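To start, the structure itself, in structure tokens.
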Amino acid sequence: MGSADHTSTMTPRASWATLLALTLNILLVALPVAYAANLQRRFGLSVYDAQLLVTVLSIALARGFLQIHIDGERGPLLRGLMLLCAALTLGMGFYVGLFYPEISMEAPFMPPWLIAISAVLFGALMLSLRRSVGMGILVVVVLFLGYGLLGHLLPGELRSRPTSAAELVTYLAIDANGMLGTALKVGVVIVIPYLLFGQLLARCGAADFFNDIALAGMGRFRGGPAKVAVAASGLFGSISGSAVGNVVGTGVVTIPMMKRSGFSGTYAGAVEAVASTGGQLVPPVMGAAAFIMADFIGVDYAVVMLAALPSAALYYLAVFINVDLNAGKAGVAAIPRAELPSALATLRQGWHFLLPFAVLFYGLFELNMRPERAAIWAIGTLFAVSLIFGYKGRRLPLRESWSVLGEAGIAASGLVIVCAAAGLIIGVLNVSGLAFNLTLHIINASGQSVFLLALITALISIVLGMGMPTVGVYVLLATLVAPALVEVGVPVVAAHLFVLYFGLLSMVTPPVALAAFAGANIAGASAWDTSIAAMKLAWPAYIVPFLFIFAPSLILEGDWLHILWALFSAILGILMVTAAMVGFLRQTLPTALRLLLGVGGVLALLPAGLFPSAIWTDAAGVTIFAVVYGSGLRKASASRTKVTQLGMLKGEDPG
């Protein structure tokens with residue numbers, strides 16, 4: 001969200017509008033949280049999902065129009081028009097919310113009054129898209145709407161059934177398969193409580209605690225500042241749900257710290273971009289995509305979370321390895337111990353921040369709670385410990401609770417709007433049949449080859465993901481391209497994780513590498529150079545998704561022996577290829593050893609189940625690593641012996 005979302009610059013004349021905007025922000029979070037806590041049933045109320053969704057969506061849209069009115073940058077005429085749009089959107093949304101059961105019964109007959117209401121809600125969403133979530137998703141939505149209206153004019157198999165504008169708008173605005181569908185339901189009911197959890201973590205000092213833990217744990221190693229950036233960005237990014245937002249939020253601290261330690265601005269910006277993007281792959285939140293994925297494919301959230309853990313671990317391990325080897329090659333030292341916080345002291349002051357996460361995971365895995373209910377328990381726990389303990393003398397005052405809700409509402413408004421936009425895309429796909437046709441075309445183009453199909457799907461995912469937020473990326477790809485992988489026998493969880501991975505890689509892949517561009521801006525480096533460096537840093541992320549298609553053990557499917565071996569060989573392969581790219585492993589490597597390591601790393605990365613006797617490629621990779629590493633140890637030992645002998649000849653004490 002842009003600066004227009006901040007209400008600190010309001011004029012006295014607009015004080016009533018400011019108060020109304022704050023009220024809408026609070027309602028935007030309070031209603032979903034109350035629904036997730038099941039308060040409506042405690043009061044004997046029966047509320048349909050669609051009633052909550054249309055009410056929350058209208059609040060999000062109205063607050064956007066109201067914010068433009070408050071800013072008053074475009075003159076009194078526009079301010080008045082925005083106020084009218086806010087009132088009309090809020091009124092229509094609340095009306096539909098109150099009478100949705102009756103309205104849904106009338107929808108098939110398309111009365112004129114319902115078409116008018118649908119047009120108001122649909123138009124408000126279209127007007128809000130560019131300002132709230134960017135031009136990229138607006139263009140994608142317009143293209144799909146164009147197909148929904150004009151697709152019947154296309155030749156061949158891409159032709160859709162004729163649909164009038166009134167029919168399409170009413171279907172998209174009112175039907176549960178349109179903008180009030182699954183994507184918005186997951187965003188409102190599940191993700192908003194987690195956004196509140198993240199805001200509360202930031203305000204009560206938990207973000208500082210995790211940053212201090214990262215400093216204490218990683219700062220004493222070579223390249224410590226970059227490792228701190230990776231750890232802190234991964235922890236914060238797993239909750240924040242926005243790669244670019246995470247770069248901006250944590251990069252202002254980590255990027256200058258990396259540059260001061262000796263890393264180039266280009267590399268520092270790339271590290272922050274890659275670490276922040278990876279946060280979307282780390283449970284518990286995964287940029288909200290995990291919850292939508294679980295709902296899409298009909299499995300428990302815990303299944304998705306466990307399947308995502310190994311690939312997320314490999315992703316961050318690869319970044320740590322790259323940082324460590326680059327630091328060793330460039331001679332980047334650790335952070336001086338005097339500047340590091342004590343790990344024990346940090347834990348003594350902030351141990352209580354671990355309790356909400358313990359409650360969250362206990363509720364998810366032991367009690368089999370729904371994700372939103374577990375989030376409510378975690379929020380309650382965090383709120384209680386924040387009031388009681390605080391961190392470094394900093395407690396969350398009770399009077400600031402409303403402001404936390406308001407800030408969470410600002411963060412949630414963009415999510416609600418992008419989820420509704422994703423619903424528009426899904427609605428067009430349903431009404432036109434495009435999803436089924438596109439799946440057939442992708443499979444035919446691959447010639448039934450799983451590898452070629454995966455390669456085509458990866459390219460499509462990167463292109464479609466450019467410039468789009470995590471939720472929009474996943475919903476689009478899960479609907480359009482993931483079914484093609486499932487159709488040829490790829491496990492459904494693996495297929496959906498595959499498209500999510502490549503959709504998110506658009507954040508660091510030119511030409512629209514938004515996370516890399518944000519990191520370059522903070523680092524004062526070239527945006528293009530930073531995005532190229534980010535691609536090199538994140539190279540395993542372009543390979544690992546292919547591995548878990550052909551080696552389901554990497555998403556914890558199969559027996560533990562195969563799972564452990566697959567993880568071991570993947571880690572070894574990543575280490576070897578990264579060392580070959582950097583040219584350093586304990587010491588600077590000559591070209592011949594770099595090539596040998598690269599070949600061995602590729603062999604180790606090949607899944608043992610890819611073809612008969614593929615286990616021998618892993619064995620060959622392990623052997624090559626042992627030879628190269630052993631050679632480095634012998635050279636290092638010989639070098640130390642030579643130095644010692646020279647010192648003795650000069651009469652120096654060898655100790």
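So you can find residues: chains in the structure tokens are A, B, ... in the order shown, residues in each start at 1, and ligands are numbered from 1 in order.
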
Quick one: everything within 10 Å of range 506-523 of chain A, counting only C-alpha atoms, minus sequence neighbours fewer than 2 positions away in the same chain. Send it as number ranges by chain. A: 242-248, 251-256, 258-259, 264-277, 459, 461-470, 473, 501-504, 525-538

Select from range 211-362 of chain A everything DSSP, run on the backbone, classes as alpha helix (DSSP H), then give the selection as number ranges by chain. A: 211-218, 224-240, 243-261, 265-278, 289-297, 301-330, 343-350, 354-361

Within 9 Å of Gly331 in chain A, counting only C-alpha atoms, which residues show up once you throw out same-chain ones fewer than 6 positions away? Write them as an MDAnalysis selection string, please. chainID A and resid 222:223 262

Hey, which of A:Gly621, A:Pro341, A:Pro607, A:Gly328 ends up closest to Trp565 in chain A? Count only C-alpha atoms. A:Pro607

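If you measure from each of A:Ile442, A:Ala482, A:Val141, A:Leu317 to Ile574 in chain A using only C-alpha atoms, the closest one turns out to be A:Leu317.
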
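Counting from CA of Val186 in chain A, the distance to CA of Ser413 in chain A is 14.0 Å.
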
So that I can check the surroundings of Tyr316 in chain A, please list as a ChimeraX atom specification every protein, DNA and RNA residue that reaches within 9 Å of it, counting only C-alpha atoms and ignoring chain neighbours fewer than 5 positions away. /A:230-231,234,275,278,311,321

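Distances from A:Met105, A:Ala60, A:Leu505, A:Leu434 to Val481 in chain A were compared using only C-alpha atoms, and the smallest one belongs to A:Leu434.
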
Choose the residue, out of A:Ala226, A:Leu138, A:Leu500, A:Val582, that has the smallest atom-to-atom separation from Ser261 in chain A; count only C-alpha atoms. A:Ala226

Pick from A:Leu196, A:Ala294, A:Ala229, A:Val189, whichever lies nearest to Leu382 in chain A using only C-alpha atoms: A:Leu196

Can you tell me, as an mmCIF file with C-alpha atoms, in the first residue's frame, what residues are no more than 10 Å from Asp49 in chain A when counting only C-alpha atoms, ignoring any on the same chain fewer than 3 positions away?
```
data_model
loop_
_atom_site.group_PDB
_atom_site.id
_atom_site.type_symbol
_atom_site.label_atom_id
_atom_site.label_comp_id
_atom_site.auth_asym_id
_atom_site.auth_seq_id
_atom_site.Cartn_x
_atom_site.Cartn_y
_atom_site.Cartn_z
ATOM 1 C CA TYR A 35 -16.048 -15.144 12.936
ATOM 2 C CA SER A 46 -26.502 -17.972 11.856
ATOM 3 C CA LEU A 52 -19.191 -12.088 6.008
ATOM 4 C CA LEU A 53 -17.204 -11.969 2.759
ATOM 5 C CA VAL A 54 -19.305 -9.354 0.989
ATOM 6 C CA GLY A 97 -24.613 -9.025 3.471
ATOM 7 C CA ALA A 176 -19.939 -18.122 -4.520
ATOM 8 C CA LEU A 180 -17.045 -14.154 -3.039
ATOM 9 C CA GLY A 181 -15.418 -17.530 -3.607
ATOM 10 C CA LYS A 185 -12.964 -16.894 2.018
ATOM 11 C CA VAL A 188 -10.791 -13.199 5.133
ATOM 12 C CA VAL A 189 -11.458 -16.098 7.493
#
```

Measure the distance from CA of Ala566 in chain A to CA of Leu453 in chain A in Å and round it to one decimal. 22.9 Å

Contacts of Gly601 in chain A within 9 Å, only C-alpha atoms, excl. fewer than 3 positions in-chain, as a JSON list (two decimals) with C-alpha atoms, in the first residue's frame:
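The result, written out as part_12.json:
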```json
[["chain", "number", "residue", "atom", "x", "y", "z"],
["A", 569, "SER", "CA", 22.03, -35.95, -1.58],
["A", 570, "ALA", "CA", 20.13, -32.72, -2.34],
["A", 572, "LEU", "CA", 25.36, -32.21, -0.88],
["A", 573, "GLY", "CA", 24.52, -31.37, -4.48],
["A", 574, "ILE", "CA", 23.58, -27.80, -3.58],
["A", 575, "LEU", "CA", 26.83, -27.37, -1.63],
["A", 576, "MET", "CA", 28.96, -28.72, -4.48],
["A", 577, "VAL", "CA", 27.33, -26.70, -7.28],
["A", 578, "THR", "CA", 27.37, -23.51, -5.17],
["A", 580, "ALA", "CA", 31.76, -24.53, -8.06],
["A", 596, "LEU", "CA", 34.72, -31.43, -11.18],
["A", 597, "LEU", "CA", 32.67, -30.17, -8.23],
["A", 598, "GLY", "CA", 29.97, -28.88, -10.58],
["A", 604, "ALA", "CA", 24.24, -35.80, -6.46],
["A", 605, "LEU", "CA", 21.17, -33.69, -7.23],
["A", 606, "LEU", "CA", 19.69, -36.30, -9.58],
["A", 618, "ASP", "CA", 24.47, -40.09, -5.88],
["A", 621, "GLY", "CA", 28.63, -37.32, -6.40],
["A", 622, "VAL", "CA", 29.63, -38.30, -2.86],
["A", 624, "ILE", "CA", 33.78, -36.62, -6.11],
["A", 625, "PHE", "CA", 33.07, -34.45, -3.08]]
```

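Here CA of Ala484 in chain A and CA of Val418 in chain A stand 24.7 Å from one another.
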